[in-house]
Amino acid sequence: MITLVQRVRQARVLVDGEAVGAIERGLLLFVGVEQGDTEADADTTAKKVQGLRIFPGRTPTDLAVGDIGGSCLVVSQFTLAAELRHGNRPDFTAAAPPALADALYQRVVAQLTAAGLPVATGRFAASMQVELQNDGPFSLVLAVRGGKVVPRTAADGA
C-alpha cells in the first residue's frame with residue numbers, strides 16, 4: 001500500500017462539480033492499494049498516519065494531526081501503483097482489483113475514524129477533482145508491505 005500524505009491548510013474533493021469531501025487544517029491522504037495488500041497493511045497505514053508528528057509545535061515537526069484538532073481527507077488513487085520503468089505509458093497492473101482496493105481503502109478510513117479523527121473522503125472509482133492548499137509544502141510517501149512500514153526504495157519489493 002502506498003500513501004501520499006500531504007499536510008494541508010484546506011482540501012476538498014469534487015465529483016461532477018459537487019463537493020463530496022472537505023477538510024480544513026489536517027492531512028490529505030492519497031491511498032494506492034496494490035495487489036497483495038492486506039488488512040494489516042491498511043491498519044498499519046492508518047496507525048502510522050495518525051501518529052505522524054508533522055505539524056509545528058515546539059519544533060517544526062512536533063505534533064500529530066489529532067494534537068492540532070485536524071482532520072483527514074482520504075482519497076483512493078490507484079495511479080500510485082503505476083510502474084514507469086518501461087516506455088512512456090504508465091502500467092497499472094500492480095494496482096489491486098477494484099473490490100479489494102475499495103475494501104482496503106474503506107478500512108483505512110474506518111481505522112482513522114475509530115481513532116477519533118474527523119475523516120472526509122473522496123468517492124471510490126469516480127473521476128475526482130482535488131483542490132488543496134498544501135502547508136509547507138509538506139508531502140511524504142508512506143509505503144507499507146506485510147503489515148510493516150518499508151523504505152520507499154523497497155516499495156516495489158526490490
# chains A, B, ... in the order shown; residues from 1 in each chain; ligands from 1

$ residues_around --residues "Leu132 in chain A" --least-positions-apart "6" --cutoff "7 Å" --atoms "only C-alpha atoms" --output "number ranges by chain"
A: 8, 10-12

$ write_last_selection --atoms "N, CA and C atoms" --output "mmCIF file, in the first residue's frame"
data_model
loop_
_atom_site.group_PDB
_atom_site.id
_atom_site.type_symbol
_atom_site.label_atom_id
_atom_site.label_comp_id
_atom_site.auth_asym_id
_atom_site.auth_seq_id
_atom_site.Cartn_x
_atom_site.Cartn_y
_atom_site.Cartn_z
ATOM 1 N N VAL A 8 -1.997 19.890 4.850
ATOM 2 C CA VAL A 8 -2.756 20.915 4.136
ATOM 3 C C VAL A 8 -3.397 21.920 5.088
ATOM 4 N N GLN A 10 -6.177 23.368 3.819
ATOM 5 C CA GLN A 10 -7.540 23.002 3.449
ATOM 6 C C GLN A 10 -7.479 22.135 2.206
ATOM 7 N N ALA A 11 -8.498 21.313 2.029
ATOM 8 C CA ALA A 11 -8.579 20.467 0.842
ATOM 9 C C ALA A 11 -10.025 20.041 0.637
ATOM 10 N N ARG A 12 -10.372 19.796 -0.620
ATOM 11 C CA ARG A 12 -11.705 19.269 -0.910
ATOM 12 C C ARG A 12 -11.669 18.468 -2.194
#

$ residues_around --residues "Gly69 in chain A" --least-positions-apart "5" --cutoff "12 Å" --atoms "only C-alpha atoms" --output "list in words"
Ile23, Glu24, Arg25, Gly26, Leu27, Gln50, Phe55, Leu63, Ala64, Gly116, Leu117, Pro118 and Val119 of chain A

$ closest_residue --among "A:Leu142, A:Val74, A:Ile2, A:Val65" --to "Ala110 in chain A" --atoms "only C-alpha atoms"
A:Val74

$ residues_around --residues "Leu73 in chain A" --least-positions-apart "5" --cutoff "6 Å" --atoms "only C-alpha atoms" --output "ChimeraX atom specification"
/A:28,119-121

$ closest_residue --among "A:Ile68, A:Glu34, A:Gln133, A:Arg9" --to "Ala99 in chain A" --atoms "only C-alpha atoms"
A:Glu34

$ select_by_dssp --residues "chain A" --states "strand (DSSP E)" --output "ChimeraX atom specification"
/A:2-15,18-23,26-32,71-76,119-121,129-145,148-150

$ closest_residue --among "A:Thr93, A:Gln6, A:Gln129, A:Thr153" --to "Leu52 in chain A" --atoms "only C-alpha atoms"
A:Gln6

$ residues_around --residues "Ala40 in chain A" --least-positions-apart "4" --cutoff "9 Å" --atoms "only C-alpha atoms" --output "list in words"
Thr44, Thr45, Arg145, Gly146, Gly147 and Lys148 of chain A

$ residues_around --residues "Glu18 in chain A" --least-positions-apart "3" --cutoff "10 Å" --atoms "only C-alpha atoms" --output "ChimeraX atom specification"
/A:13-15,21,128-129

$ write_last_selection --atoms "C-alpha atoms" --output "PDB file, in the first residue's frame"
ATOM      1  CA  VAL A  13     -12.791  16.704  -3.465  1.00  0.00           C
ATOM      2  CA  LEU A  14     -15.344  17.414  -6.169  1.00  0.00           C
ATOM      3  CA  VAL A  15     -17.266  14.902  -8.278  1.00  0.00           C
ATOM      4  CA  GLY A  21     -15.486  15.712   0.977  1.00  0.00           C
ATOM      5  CA  MET A 128     -12.477  13.451  -8.953  1.00  0.00           C
ATOM      6  CA  GLN A 129     -11.023  16.923  -8.867  1.00  0.00           C
TER       7      GLN A 129
END

$ select_by_dssp --residues "range 50-142 of chain A" --states "alpha helix (DSSP H)" --output "PyMOL selection string"
chain A and resi 50-51+98-114

$ atom_distance --atom1 "CA of Ala96 in chain A" --atom2 "CA of Val33 in chain A"
5.7 Å

$ closest_residue --among "A:Asp62, A:Asp91, A:Glu83, A:Asp37" --to "Arg107 in chain A" --atoms "only C-alpha atoms"
A:Asp37

$ closest_residue --among "A:Leu140, A:Val75, A:Ala125, A:Ala19" --to "Lys48 in chain A" --atoms "only C-alpha atoms"
A:Leu140

$ closest_residue --among "A:Gly122, A:Pro90, A:Pro56, A:Gly36" --to "Ser76 in chain A" --atoms "only C-alpha atoms"
A:Gly122

$ residues_around --residues "Ala103 in chain A" --least-positions-apart "3" --cutoff "10 Å" --atoms "only C-alpha atoms" --output "list in words"
Val33, Thr38, Glu39, Ala42, Pro98, Ala99, Leu100, Gln106, Arg107, Val108 and Val109 of chain A

$ write_last_selection --atoms "N, CA and C atoms" --output "short mmCIF file (atom, residue, chain, number, x, y, z; two decimals), in the first residue's frame"
data_model
loop_
_atom_site.label_atom_id
_atom_site.label_comp_id
_atom_site.auth_asym_id
_atom_site.auth_seq_id
_atom_site.Cartn_x
_atom_site.Cartn_y
_atom_site.Cartn_z
N VAL A 33 -3.81 1.23 -3.41
CA VAL A 33 -3.82 -0.17 -2.98
C VAL A 33 -3.26 -1.03 -4.11
N THR A 38 -3.05 -6.19 2.22
CA THR A 38 -3.94 -6.88 3.15
C THR A 38 -4.53 -5.90 4.16
N GLU A 39 -5.43 -6.42 4.99
CA GLU A 39 -6.00 -5.61 6.07
C GLU A 39 -4.91 -5.12 7.01
N ALA A 42 -3.52 -1.94 5.63
CA ALA A 42 -4.44 -0.82 5.85
C ALA A 42 -4.37 -0.35 7.30
N PRO A 98 -10.54 -3.63 -8.19
CA PRO A 98 -11.40 -2.66 -7.52
C PRO A 98 -12.06 -3.14 -6.23
N ALA A 99 -12.54 -4.36 -6.17
CA ALA A 99 -13.22 -4.83 -4.95
C ALA A 99 -12.27 -4.84 -3.76
N LEU A 100 -11.05 -5.33 -3.95
CA LEU A 100 -10.06 -5.36 -2.88
C LEU A 100 -9.61 -3.94 -2.54
N GLN A 106 -11.48 1.65 2.35
CA GLN A 106 -12.50 1.88 3.37
C GLN A 106 -12.00 1.49 4.76
N ARG A 107 -11.13 0.48 4.82
CA ARG A 107 -10.58 0.07 6.11
C ARG A 107 -9.66 1.17 6.68
N VAL A 108 -8.87 1.80 5.83
CA VAL A 108 -8.05 2.92 6.29
C VAL A 108 -8.94 4.01 6.87
N VAL A 109 -10.01 4.35 6.14
CA VAL A 109 -10.96 5.36 6.60
C VAL A 109 -11.55 4.96 7.96
#
